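> File structure.tsv follows (TSV, C-alpha atoms):
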```tsv
chain	number	residue	atom	x	y	z
X	1	MET	CA	-68.75	130.16	-19.26
X	2	GLU	CA	-71.34	132.21	-17.43
X	3	LYS	CA	-74.71	133.31	-18.71
X	4	VAL	CA	-75.32	137.00	-19.40
X	5	ASN	CA	-78.46	138.82	-18.26
X	6	LEU	CA	-79.12	141.69	-20.66
X	7	ALA	CA	-81.16	143.87	-18.27
X	8	GLU	CA	-78.44	143.53	-15.64
X	9	LYS	CA	-75.71	144.60	-18.08
X	10	PHE	CA	-77.67	147.74	-18.93
X	11	THR	CA	-77.69	148.76	-15.25
X	12	LEU	CA	-73.88	148.92	-15.26
X	13	PHE	CA	-73.49	152.10	-17.31
X	14	ASN	CA	-75.46	155.23	-18.09
X	15	ASP	CA	-73.66	157.09	-20.85
X	16	TYR	CA	-74.85	157.18	-24.44
X	17	CYS	CA	-73.15	156.10	-27.67
X	18	ASN	CA	-70.48	154.18	-25.77
X	19	PRO	CA	-70.85	150.45	-26.48
X	20	ARG	CA	-69.66	147.86	-23.96
X	21	ILE	CA	-68.53	144.38	-24.94
X	22	ILE	CA	-70.69	141.75	-23.24
X	23	GLY	CA	-69.81	138.70	-25.34
X	24	GLU	CA	-67.23	137.40	-27.83
X	25	LEU	CA	-67.53	134.53	-30.28
X	26	ASN	CA	-66.16	133.62	-33.69
X	27	GLY	CA	-64.35	136.94	-34.06
X	28	GLN	CA	-67.58	138.79	-33.40
X	29	HIS	CA	-68.56	140.98	-30.48
X	30	VAL	CA	-71.87	141.23	-28.69
X	31	LYS	CA	-72.17	144.78	-27.39
X	32	ALA	CA	-74.64	146.67	-25.24
X	33	VAL	CA	-75.20	150.35	-26.00
X	34	LYS	CA	-77.60	153.07	-24.86
X	35	LEU	CA	-78.56	155.72	-27.36
X	36	LYS	CA	-80.46	158.96	-27.00
X	37	GLY	CA	-80.55	161.72	-29.57
X	38	GLU	CA	-78.94	161.76	-33.00
X	39	PHE	CA	-75.92	159.68	-33.85
X	40	VAL	CA	-73.75	160.56	-36.86
X	41	TRP	CA	-74.15	159.52	-40.50
X	42	HIS	CA	-71.55	156.84	-41.21
X	43	SER	CA	-70.92	153.50	-42.85
X	44	HIS	CA	-68.64	150.50	-42.28
X	45	GLU	CA	-66.53	149.43	-45.22
X	46	HIS	CA	-66.09	145.80	-44.19
X	47	GLU	CA	-68.66	145.04	-41.48
X	48	ASP	CA	-72.36	144.28	-41.45
X	49	GLU	CA	-74.02	145.40	-38.22
X	50	LEU	CA	-76.99	143.96	-36.36
X	51	PHE	CA	-79.05	146.19	-34.04
X	52	LEU	CA	-81.48	144.37	-31.71
X	53	VAL	CA	-83.68	146.55	-29.50
X	54	VAL	CA	-83.83	145.27	-25.93
X	55	LYS	CA	-85.80	148.24	-24.55
X	56	GLY	CA	-87.36	151.29	-26.17
X	57	THR	CA	-87.47	152.26	-29.82
X	58	PHE	CA	-85.35	154.16	-32.33
X	59	ASN	CA	-85.27	155.20	-35.94
X	60	MET	CA	-82.63	153.88	-38.28
X	61	GLU	CA	-82.25	156.61	-40.87
X	62	LEU	CA	-81.01	155.44	-44.24
X	63	ARG	CA	-80.48	157.64	-47.28
X	64	ASP	CA	-83.68	156.38	-48.94
X	65	LYS	CA	-85.92	155.55	-45.99
X	66	THR	CA	-86.28	155.50	-42.22
X	67	VAL	CA	-87.03	152.28	-40.35
X	68	THR	CA	-88.51	152.39	-36.84
X	69	ILE	CA	-87.14	149.52	-34.76
X	70	ASN	CA	-89.04	148.56	-31.63
X	71	GLU	CA	-88.38	146.29	-28.67
X	72	GLY	CA	-87.97	142.69	-29.83
X	73	GLU	CA	-86.99	143.69	-33.36
X	74	PHE	CA	-83.65	143.71	-35.13
X	75	PHE	CA	-82.24	145.35	-38.21
X	76	ILE	CA	-79.10	144.46	-40.16
X	77	VAL	CA	-77.19	147.29	-41.84
X	78	PRO	CA	-75.06	145.77	-44.62
X	79	ARG	CA	-71.49	146.97	-45.04
X	80	THR	CA	-71.05	150.23	-47.00
X	81	VAL	CA	-74.63	151.35	-46.36
X	82	GLU	CA	-74.82	154.81	-44.80
X	83	HIS	CA	-76.96	154.96	-41.68
X	84	LYS	CA	-77.74	157.21	-38.74
X	85	PRO	CA	-79.50	155.92	-35.61
X	86	VAL	CA	-81.80	158.50	-33.99
X	87	ALA	CA	-83.48	157.90	-30.63
X	88	GLY	CA	-86.10	160.33	-29.29
X	89	GLU	CA	-85.96	158.63	-25.90
X	90	GLU	CA	-83.32	156.38	-24.36
X	91	VAL	CA	-83.08	153.04	-26.13
X	92	HIS	CA	-81.14	149.92	-25.13
X	93	ILE	CA	-79.59	148.08	-28.04
X	94	LEU	CA	-77.66	144.86	-28.45
X	95	LEU	CA	-75.12	144.97	-31.28
X	96	PHE	CA	-73.71	141.93	-33.01
X	97	GLU	CA	-70.80	142.71	-35.29
X	98	PRO	CA	-67.18	141.84	-36.08
X	99	ALA	CA	-64.67	142.65	-33.35
X	100	THR	CA	-63.03	145.11	-35.77
X	101	THR	CA	-66.09	147.38	-35.94
X	102	VAL	CA	-65.66	151.00	-34.80
X	103	ASN	CA	-68.94	152.66	-33.80
X	104	THR	CA	-68.65	155.66	-36.12
X	105	GLY	CA	-67.26	153.66	-39.06
X	106	ASP	CA	-65.68	155.89	-41.69
X	107	VAL	CA	-66.19	159.03	-39.60
X	108	GLU	CA	-63.99	160.05	-36.69
X	109	ASN	CA	-65.42	162.58	-34.27
X	110	GLU	CA	-66.19	163.10	-30.59
X	111	MET	CA	-68.56	160.12	-30.65
X	112	THR	CA	-65.86	157.68	-31.82
X	113	ARG	CA	-65.01	154.92	-29.32
X	114	LYS	CA	-62.06	152.72	-30.25
X	115	GLN	CA	-61.25	151.08	-26.94
X	116	LEU	CA	-64.36	149.46	-25.57
X	117	GLU	CA	-64.81	148.31	-22.01
X	118	LYS	CA	-65.75	144.70	-21.34
X	119	ILE	CA	-68.41	144.35	-18.68
R	1	MET	CA	-83.17	145.77	-45.75
R	2	GLU	CA	-86.24	145.11	-43.66
R	3	LYS	CA	-86.47	144.89	-39.90
R	4	VAL	CA	-87.20	141.53	-38.27
R	5	ASN	CA	-89.76	141.11	-35.50
R	6	LEU	CA	-88.74	138.15	-33.35
R	7	ALA	CA	-92.20	137.30	-31.96
R	8	GLU	CA	-93.60	137.32	-35.49
R	9	LYS	CA	-90.93	134.93	-36.77
R	10	PHE	CA	-91.76	132.46	-33.99
R	11	THR	CA	-95.39	132.35	-35.16
R	12	LEU	CA	-94.26	130.99	-38.55
R	13	PHE	CA	-93.32	127.48	-37.41
R	14	ASN	CA	-94.23	125.04	-34.65
R	15	ASP	CA	-91.78	122.15	-34.81
R	16	TYR	CA	-88.94	121.66	-32.36
R	17	CYS	CA	-85.18	121.40	-32.88
R	18	ASN	CA	-85.47	122.75	-36.42
R	19	PRO	CA	-83.75	126.13	-36.64
R	20	ARG	CA	-84.83	128.70	-39.24
R	21	ILE	CA	-82.50	131.35	-40.63
R	22	ILE	CA	-83.85	134.84	-39.92
R	23	GLY	CA	-80.75	136.91	-40.59
R	24	GLU	CA	-77.30	136.73	-42.21
R	25	LEU	CA	-74.28	138.94	-41.64
R	26	ASN	CA	-70.50	138.60	-41.76
R	27	GLY	CA	-70.68	134.88	-42.52
R	28	GLN	CA	-72.85	134.35	-39.46
R	29	HIS	CA	-76.47	133.27	-39.23
R	30	VAL	CA	-79.16	134.49	-36.91
R	31	LYS	CA	-81.53	131.60	-36.33
R	32	ALA	CA	-84.83	131.10	-34.54
R	33	VAL	CA	-85.47	127.73	-32.94
R	34	LYS	CA	-88.10	126.24	-30.63
R	35	LEU	CA	-86.98	123.55	-28.24
R	36	LYS	CA	-88.92	121.25	-25.94
R	37	GLY	CA	-87.53	118.17	-24.28
R	38	GLU	CA	-83.97	116.86	-24.41
R	39	PHE	CA	-81.61	117.62	-27.24
R	40	VAL	CA	-78.53	115.48	-27.85
R	41	TRP	CA	-75.05	115.77	-26.32
R	42	HIS	CA	-72.78	117.25	-28.96
R	43	SER	CA	-70.04	119.78	-29.65
R	44	HIS	CA	-68.92	121.93	-32.57
R	45	GLU	CA	-65.30	121.63	-33.57
R	46	HIS	CA	-64.93	125.06	-35.15
R	47	GLU	CA	-67.89	127.16	-34.04
R	48	ASP	CA	-68.81	129.04	-30.89
R	49	GLU	CA	-72.58	129.25	-30.41
R	50	LEU	CA	-74.69	131.93	-28.74
R	51	PHE	CA	-78.12	131.03	-27.30
R	52	LEU	CA	-80.38	133.99	-26.42
R	53	VAL	CA	-83.71	133.17	-24.80
R	54	VAL	CA	-86.56	135.18	-26.32
R	55	LYS	CA	-89.34	133.39	-24.43
R	56	GLY	CA	-89.34	130.71	-21.75
R	57	THR	CA	-86.41	129.06	-20.04
R	58	PHE	CA	-84.11	126.07	-20.56
R	59	ASN	CA	-81.16	124.28	-19.02
R	60	MET	CA	-77.84	124.14	-20.80
R	61	GLU	CA	-76.28	120.94	-19.56
R	62	LEU	CA	-72.48	120.90	-19.63
R	63	ARG	CA	-70.30	118.04	-18.45
R	64	ASP	CA	-69.38	119.84	-15.22
R	65	LYS	CA	-72.46	121.97	-14.52
R	66	THR	CA	-75.94	122.96	-15.65
R	67	VAL	CA	-76.84	126.58	-16.40
R	68	THR	CA	-80.46	127.73	-16.39
R	69	ILE	CA	-80.99	130.39	-19.03
R	70	ASN	CA	-84.08	132.57	-18.75
R	71	GLU	CA	-85.81	135.09	-20.98
R	72	GLY	CA	-83.51	138.03	-21.69
R	73	GLU	CA	-80.35	136.01	-21.01
R	74	PHE	CA	-77.74	134.54	-23.30
R	75	PHE	CA	-75.07	131.91	-23.04
R	76	ILE	CA	-72.08	131.30	-25.30
R	77	VAL	CA	-70.88	127.72	-25.76
R	78	PRO	CA	-67.25	127.82	-26.93
R	79	ARG	CA	-66.17	125.49	-29.72
R	80	THR	CA	-65.32	121.93	-28.66
R	81	VAL	CA	-67.34	122.17	-25.44
R	82	GLU	CA	-69.91	119.39	-25.12
R	83	HIS	CA	-73.41	120.61	-24.35
R	84	LYS	CA	-77.01	119.43	-24.27
R	85	PRO	CA	-79.94	121.85	-24.18
R	86	VAL	CA	-82.91	120.57	-22.17
R	87	ALA	CA	-86.26	122.39	-22.07
R	88	GLY	CA	-89.02	121.28	-19.72
R	89	GLU	CA	-91.48	123.55	-21.51
R	90	GLU	CA	-91.34	125.12	-24.95
R	91	VAL	CA	-88.62	127.74	-25.23
R	92	HIS	CA	-87.93	130.22	-28.02
R	93	ILE	CA	-84.26	130.78	-28.70
R	94	LEU	CA	-82.28	133.05	-30.97
R	95	LEU	CA	-78.98	131.56	-32.15
R	96	PHE	CA	-75.97	133.53	-33.42
R	97	GLU	CA	-73.38	131.31	-35.01
R	98	PRO	CA	-71.28	130.81	-38.15
R	99	ALA	CA	-73.24	129.87	-41.25
R	100	THR	CA	-71.34	126.57	-41.27
R	101	THR	CA	-72.84	125.40	-37.96
R	102	VAL	CA	-74.87	122.18	-37.99
R	103	ASN	CA	-77.29	121.90	-35.07
R	104	THR	CA	-76.07	118.53	-33.78
R	105	GLY	CA	-72.38	119.31	-34.35
R	106	ASP	CA	-70.24	116.19	-34.28
R	107	VAL	CA	-73.29	113.90	-33.93
R	108	GLU	CA	-75.53	112.90	-36.79
R	109	ASN	CA	-78.95	111.54	-35.87
R	110	GLU	CA	-82.67	112.12	-36.49
R	111	MET	CA	-82.38	115.61	-35.00
R	112	THR	CA	-79.73	116.73	-37.50
R	113	ARG	CA	-80.84	119.55	-39.81
R	114	LYS	CA	-78.40	120.45	-42.58
R	115	GLN	CA	-80.61	122.42	-44.94
R	116	LEU	CA	-82.27	125.21	-43.03
R	117	GLU	CA	-85.26	127.18	-44.25
R	118	LYS	CA	-84.98	130.96	-44.44
R	119	ILE	CA	-88.09	132.71	-43.15
```
For this file, produce the structure as structure tokens.


Amino acid sequence: MEKVNLAEKFTLFNDYCNPRIIGELNGQHVKAVKLKGEFVWHSHEHEDELFLVVKGTFNMELRDKTVTINEGEFFIVPRTVEHKPVAGEEVHILLFEPATTVNTGDVENEMTRKQLEKI
Amino acid sequence: MEKVNLAEKFTLFNDYCNPRIIGELNGQHVKAVKLKGEFVWHSHEHEDELFLVVKGTFNMELRDKTVTINEGEFFIVPRTVEHKPVAGEEVHILLFEPATTVNTGDVENEMTRKQLEKI
């Protein structure tokens, strides 16, 4: 039972699209991830996903609109909804989602990360 | 599917110890709550609780130690662990917890809030 400092966790890694687990509760994971550039279009069949911006800004592209999410804002992508995060500059994001969630959902490619590091 | 701005949500209410629901996903609630003063010792039999400080600072009193949680930090209280949040000054907190969670857990008193407003 130790507190977690978000800024400190984000100093511990520098790669993009590779979420780290920084908290676990009720079968859910709290993850820290850095994004830059375009992610891949995907959806999650069984998991809703929360994206909270800790630093920076990014666009959540949906099939019918694009939502710009800034520092101090969050966005929930409901299960089955196709989405593609796009970050012009580096953005630091906290994810809150079921422990079963794979980052690229129904797509498997070079961005897929199945075994996440706990930091 | 709209984004949520945390600072904006905290302008929508001014009372203490009365969490509002600002997001729902995977059977969990995201809540915004303002605290000031001493809460009550309590525990949750079946729910782990995450406290993320959005503004200010507070002490999480546990039976064996006290943890000071500052802006940009979070703390997870595992189920069954007795805790008492104490805030010298007003603090803005984001809670992540199962939708079933009652704020005072196993204690029922004047601080208990069972029907939460969604904002």

> In terms of the shortest atom-to-atom distance over all atoms listed in the file, which of R:Val40, R:Met111, R:Leu116, R:Ala99 is closest to R:Ala87?

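Of all the options, R:Val40 lies closest to R:Ala87.
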
> Restricting the calculation to all atoms listed in the file: of R:His46, R:Lys34, R:Lys118, R:Arg113, which residue gets closest to R:His92?

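Comparing R:His46, R:Lys34, R:Lys118, R:Arg113 against R:His92, the winner is R:Lys34.
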
> As number ranges by chain, please: the residues near stretch 8-17 of chain R (cut-off 9 Å, only C-alpha atoms, same-chain neighbours under 2 positions excluded).

R: 4-6, 19-20, 22, 32-37, 39, 90, 92, 103, 111-113, 119

> Do you have, as a Markdown table, the list of residues of chain R lying at most 8 Å from chain X, each with its nearest atom pair and that distance in Å to one decimal, counting only C-alpha atoms and ordered by chain then number?


```
| residue | atom | partner | partner_atom | distance |
| --- | --- | --- | --- | --- |
| R:Met1 | CA | X:Ile76 | CA | 7.0 |
| R:Glu2 | CA | X:Phe75 | CA | 6.8 |
| R:Lys3 | CA | X:Phe75 | CA | 4.6 |
| R:Val4 | CA | X:Phe74 | CA | 5.2 |
| R:Asn5 | CA | X:Glu73 | CA | 4.3 |
| R:Leu6 | CA | X:Gly72 | CA | 5.8 |
| R:Ala7 | CA | X:Gly72 | CA | 7.2 |
| R:Gly23 | CA | X:Ile76 | CA | 7.7 |
| R:Leu25 | CA | X:Asp48 | CA | 5.7 |
| R:Asn26 | CA | X:Asp48 | CA | 6.0 |
| R:Glu47 | CA | X:Asn26 | CA | 6.7 |
| R:Asp48 | CA | X:Leu25 | CA | 5.7 |
| R:Glu49 | CA | X:Leu25 | CA | 7.3 |
| R:Leu50 | CA | X:Leu25 | CA | 7.8 |
| R:Val67 | CA | X:Lys3 | CA | 7.4 |
| R:Ile69 | CA | X:Lys3 | CA | 6.9 |
| R:Gly72 | CA | X:Leu6 | CA | 5.8 |
| R:Glu73 | CA | X:Asn5 | CA | 4.4 |
| R:Phe74 | CA | X:Val4 | CA | 5.2 |
| R:Phe75 | CA | X:Lys3 | CA | 4.6 |
| R:Ile76 | CA | X:Met1 | CA | 7.0 |
| R:Val77 | CA | X:Met1 | CA | 7.3 |
| R:Pro78 | CA | X:Leu25 | CA | 7.5 |
| R:Glu97 | CA | X:Asn26 | CA | 7.7 |
| R:Pro98 | CA | X:Asn26 | CA | 7.3 |
```

> Under the rule that only C-alpha atoms are counted, which of R:Asp106, R:Thr100, R:His29, R:Gly56 is the nearest residue to R:Gly88?

R:Gly56

> What gap, in Å, lies between atom CA of X:Val86 and atom CA of X:Phe58?

5.8 Å

> Around all the atoms of stretch 34-43 of chain X listed in the file, with 6 Å of room on each side, what axis-aligned box do you get, giving centre and edge lengths in Å to one decimal, as lines of an AutoDock Vina configuration file?


```
center_x = -75.7
center_y = 157.4
center_z = -33.9
size_x = 21.6
size_y = 20.7
size_z = 30.0
```

> Do you have the atom CA of R:Thr66-atom CA of R:Leu94 distance handy?

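Distance between the two atoms: 19.4 Å.
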
> Restricting the calculation to all atoms listed in the file: of X:Glu117, X:Thr57, X:Glu108, X:His42, which residue gets closest to X:Ile93?

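Going through X:Glu117, X:Thr57, X:Glu108, X:His42 one by one, the smallest distance to X:Ile93 is for X:Thr57.
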
> Could you tell me how far atom CA of R:Arg63 lies from atom CA of R:Glu89, in Å and to one decimal?

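Separation between atom CA of R:Arg63 and atom CA of R:Glu89: 22.1 Å.
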
> Kindly reconstruct stretch 7-43 of chain X with N, CA and C atoms and present the result as a PDB file, in the coordinates of the input.


```pdb
ATOM      1  N   ALA X   7     -80.674 142.751 -19.088  1.00  0.00           N
ATOM      2  CA  ALA X   7     -81.160 143.870 -18.270  1.00  0.00           C
ATOM      3  C   ALA X   7     -80.117 144.275 -17.231  1.00  0.00           C
ATOM      4  N   GLU X   8     -79.467 143.270 -16.654  1.00  0.00           N
ATOM      5  CA  GLU X   8     -78.440 143.530 -15.640  1.00  0.00           C
ATOM      6  C   GLU X   8     -77.259 144.301 -16.248  1.00  0.00           C
ATOM      7  N   LYS X   9     -76.843 143.903 -17.436  1.00  0.00           N
ATOM      8  CA  LYS X   9     -75.710 144.600 -18.080  1.00  0.00           C
ATOM      9  C   LYS X   9     -76.041 146.080 -18.302  1.00  0.00           C
ATOM     10  N   PHE X  10     -77.307 146.354 -18.655  1.00  0.00           N
ATOM     11  CA  PHE X  10     -77.670 147.740 -18.930  1.00  0.00           C
ATOM     12  C   PHE X  10     -77.755 148.609 -17.666  1.00  0.00           C
ATOM     13  N   THR X  11     -77.727 147.969 -16.487  1.00  0.00           N
ATOM     14  CA  THR X  11     -77.690 148.760 -15.250  1.00  0.00           C
ATOM     15  C   THR X  11     -76.272 149.216 -14.922  1.00  0.00           C
ATOM     16  N   LEU X  12     -75.281 148.684 -15.635  1.00  0.00           N
ATOM     17  CA  LEU X  12     -73.880 148.920 -15.260  1.00  0.00           C
ATOM     18  C   LEU X  12     -73.270 150.179 -15.861  1.00  0.00           C
ATOM     19  N   PHE X  13     -74.020 150.846 -16.728  1.00  0.00           N
ATOM     20  CA  PHE X  13     -73.490 152.100 -17.310  1.00  0.00           C
ATOM     21  C   PHE X  13     -74.666 152.997 -17.690  1.00  0.00           C
ATOM     22  N   ASN X  14     -74.369 154.294 -17.806  1.00  0.00           N
ATOM     23  CA  ASN X  14     -75.460 155.230 -18.090  1.00  0.00           C
ATOM     24  C   ASN X  14     -75.171 156.204 -19.209  1.00  0.00           C
ATOM     25  N   ASP X  15     -73.977 156.134 -19.792  1.00  0.00           N
ATOM     26  CA  ASP X  15     -73.660 157.090 -20.850  1.00  0.00           C
ATOM     27  C   ASP X  15     -74.177 156.585 -22.202  1.00  0.00           C
ATOM     28  N   TYR X  16     -74.296 157.510 -23.131  1.00  0.00           N
ATOM     29  CA  TYR X  16     -74.850 157.180 -24.440  1.00  0.00           C
ATOM     30  C   TYR X  16     -73.728 157.013 -25.483  1.00  0.00           C
ATOM     31  N   CYS X  17     -74.045 156.252 -26.517  1.00  0.00           N
ATOM     32  CA  CYS X  17     -73.150 156.100 -27.670  1.00  0.00           C
ATOM     33  C   CYS X  17     -71.800 155.504 -27.310  1.00  0.00           C
ATOM     34  N   ASN X  18     -71.738 154.753 -26.238  1.00  0.00           N
ATOM     35  CA  ASN X  18     -70.480 154.180 -25.770  1.00  0.00           C
ATOM     36  C   ASN X  18     -70.693 152.687 -25.523  1.00  0.00           C
ATOM     37  N   PRO X  19     -70.532 151.885 -26.585  1.00  0.00           N
ATOM     38  CA  PRO X  19     -70.850 150.450 -26.480  1.00  0.00           C
ATOM     39  C   PRO X  19     -69.905 149.722 -25.534  1.00  0.00           C
ATOM     40  N   ARG X  20     -70.448 148.769 -24.800  1.00  0.00           N
ATOM     41  CA  ARG X  20     -69.660 147.860 -23.960  1.00  0.00           C
ATOM     42  C   ARG X  20     -69.692 146.469 -24.578  1.00  0.00           C
ATOM     43  N   ILE X  21     -68.590 145.756 -24.452  1.00  0.00           N
ATOM     44  CA  ILE X  21     -68.530 144.380 -24.940  1.00  0.00           C
ATOM     45  C   ILE X  21     -69.089 143.459 -23.854  1.00  0.00           C
ATOM     46  N   ILE X  22     -70.103 142.674 -24.218  1.00  0.00           N
ATOM     47  CA  ILE X  22     -70.690 141.750 -23.240  1.00  0.00           C
ATOM     48  C   ILE X  22     -70.598 140.292 -23.706  1.00  0.00           C
ATOM     49  N   GLY X  23     -69.989 140.071 -24.867  1.00  0.00           N
ATOM     50  CA  GLY X  23     -69.810 138.700 -25.340  1.00  0.00           C
ATOM     51  C   GLY X  23     -68.873 138.667 -26.532  1.00  0.00           C
ATOM     52  N   GLU X  24     -68.152 137.560 -26.700  1.00  0.00           N
ATOM     53  CA  GLU X  24     -67.230 137.400 -27.830  1.00  0.00           C
ATOM     54  C   GLU X  24     -67.359 135.990 -28.366  1.00  0.00           C
ATOM     55  N   LEU X  25     -67.489 135.869 -29.667  1.00  0.00           N
ATOM     56  CA  LEU X  25     -67.530 134.530 -30.280  1.00  0.00           C
ATOM     57  C   LEU X  25     -67.243 134.639 -31.759  1.00  0.00           C
ATOM     58  N   ASN X  26     -66.442 133.713 -32.253  1.00  0.00           N
ATOM     59  CA  ASN X  26     -66.160 133.620 -33.690  1.00  0.00           C
ATOM     60  C   ASN X  26     -65.659 134.934 -34.300  1.00  0.00           C
ATOM     61  N   GLY X  27     -64.875 135.668 -33.546  1.00  0.00           N
ATOM     62  CA  GLY X  27     -64.350 136.940 -34.060  1.00  0.00           C
ATOM     63  C   GLY X  27     -65.363 138.069 -34.059  1.00  0.00           C
ATOM     64  N   GLN X  28     -66.521 137.792 -33.481  1.00  0.00           N
ATOM     65  CA  GLN X  28     -67.580 138.790 -33.400  1.00  0.00           C
ATOM     66  C   GLN X  28     -67.709 139.276 -31.949  1.00  0.00           C
ATOM     67  N   HIS X  29     -68.236 140.475 -31.810  1.00  0.00           N
ATOM     68  CA  HIS X  29     -68.560 140.980 -30.480  1.00  0.00           C
ATOM     69  C   HIS X  29     -70.063 141.147 -30.315  1.00  0.00           C
ATOM     70  N   VAL X  30     -70.521 140.850 -29.110  1.00  0.00           N
ATOM     71  CA  VAL X  30     -71.870 141.230 -28.690  1.00  0.00           C
ATOM     72  C   VAL X  30     -71.677 142.449 -27.803  1.00  0.00           C
ATOM     73  N   LYS X  31     -72.359 143.529 -28.134  1.00  0.00           N
ATOM     74  CA  LYS X  31     -72.170 144.780 -27.390  1.00  0.00           C
ATOM     75  C   LYS X  31     -73.506 145.286 -26.890  1.00  0.00           C
ATOM     76  N   ALA X  32     -73.456 145.996 -25.780  1.00  0.00           N
ATOM     77  CA  ALA X  32     -74.640 146.670 -25.240  1.00  0.00           C
ATOM     78  C   ALA X  32     -74.382 148.160 -25.364  1.00  0.00           C
ATOM     79  N   VAL X  33     -75.366 148.894 -25.876  1.00  0.00           N
ATOM     80  CA  VAL X  33     -75.200 150.350 -26.000  1.00  0.00           C
ATOM     81  C   VAL X  33     -76.529 151.041 -25.715  1.00  0.00           C
ATOM     82  N   LYS X  34     -76.437 152.202 -25.063  1.00  0.00           N
ATOM     83  CA  LYS X  34     -77.600 153.070 -24.860  1.00  0.00           C
ATOM     84  C   LYS X  34     -77.477 154.248 -25.810  1.00  0.00           C
ATOM     85  N   LEU X  35     -78.549 154.553 -26.474  1.00  0.00           N
ATOM     86  CA  LEU X  35     -78.560 155.720 -27.360  1.00  0.00           C
ATOM     87  C   LEU X  35     -79.668 156.660 -26.945  1.00  0.00           C
ATOM     88  N   LYS X  36     -79.416 157.953 -27.141  1.00  0.00           N
ATOM     89  CA  LYS X  36     -80.460 158.960 -27.000  1.00  0.00           C
ATOM     90  C   LYS X  36     -80.031 160.142 -27.843  1.00  0.00           C
ATOM     91  N   GLY X  37     -80.914 160.617 -28.690  1.00  0.00           N
ATOM     92  CA  GLY X  37     -80.550 161.720 -29.570  1.00  0.00           C
ATOM     93  C   GLY X  37     -80.075 161.207 -30.923  1.00  0.00           C
ATOM     94  N   GLU X  38     -79.389 162.084 -31.642  1.00  0.00           N
ATOM     95  CA  GLU X  38     -78.940 161.760 -33.000  1.00  0.00           C
ATOM     96  C   GLU X  38     -77.512 161.253 -32.995  1.00  0.00           C
ATOM     97  N   PHE X  39     -77.277 160.139 -33.634  1.00  0.00           N
ATOM     98  CA  PHE X  39     -75.920 159.680 -33.850  1.00  0.00           C
ATOM     99  C   PHE X  39     -75.416 160.371 -35.125  1.00  0.00           C
ATOM    100  N   VAL X  40     -74.336 159.896 -35.703  1.00  0.00           N
ATOM    101  CA  VAL X  40     -73.750 160.560 -36.860  1.00  0.00           C
ATOM    102  C   VAL X  40     -73.941 159.664 -38.107  1.00  0.00           C
ATOM    103  N   TRP X  41     -74.125 160.284 -39.246  1.00  0.00           N
ATOM    104  CA  TRP X  41     -74.150 159.520 -40.500  1.00  0.00           C
ATOM    105  C   TRP X  41     -72.801 158.845 -40.705  1.00  0.00           C
ATOM    106  N   HIS X  42     -72.817 157.552 -40.969  1.00  0.00           N
ATOM    107  CA  HIS X  42     -71.550 156.840 -41.210  1.00  0.00           C
ATOM    108  C   HIS X  42     -71.847 155.515 -41.896  1.00  0.00           C
ATOM    109  N   SER X  43     -70.785 154.859 -42.323  1.00  0.00           N
ATOM    110  CA  SER X  43     -70.920 153.500 -42.850  1.00  0.00           C
ATOM    111  C   SER X  43     -69.679 152.705 -42.454  1.00  0.00           C
TER     112      SER X  43
END
```
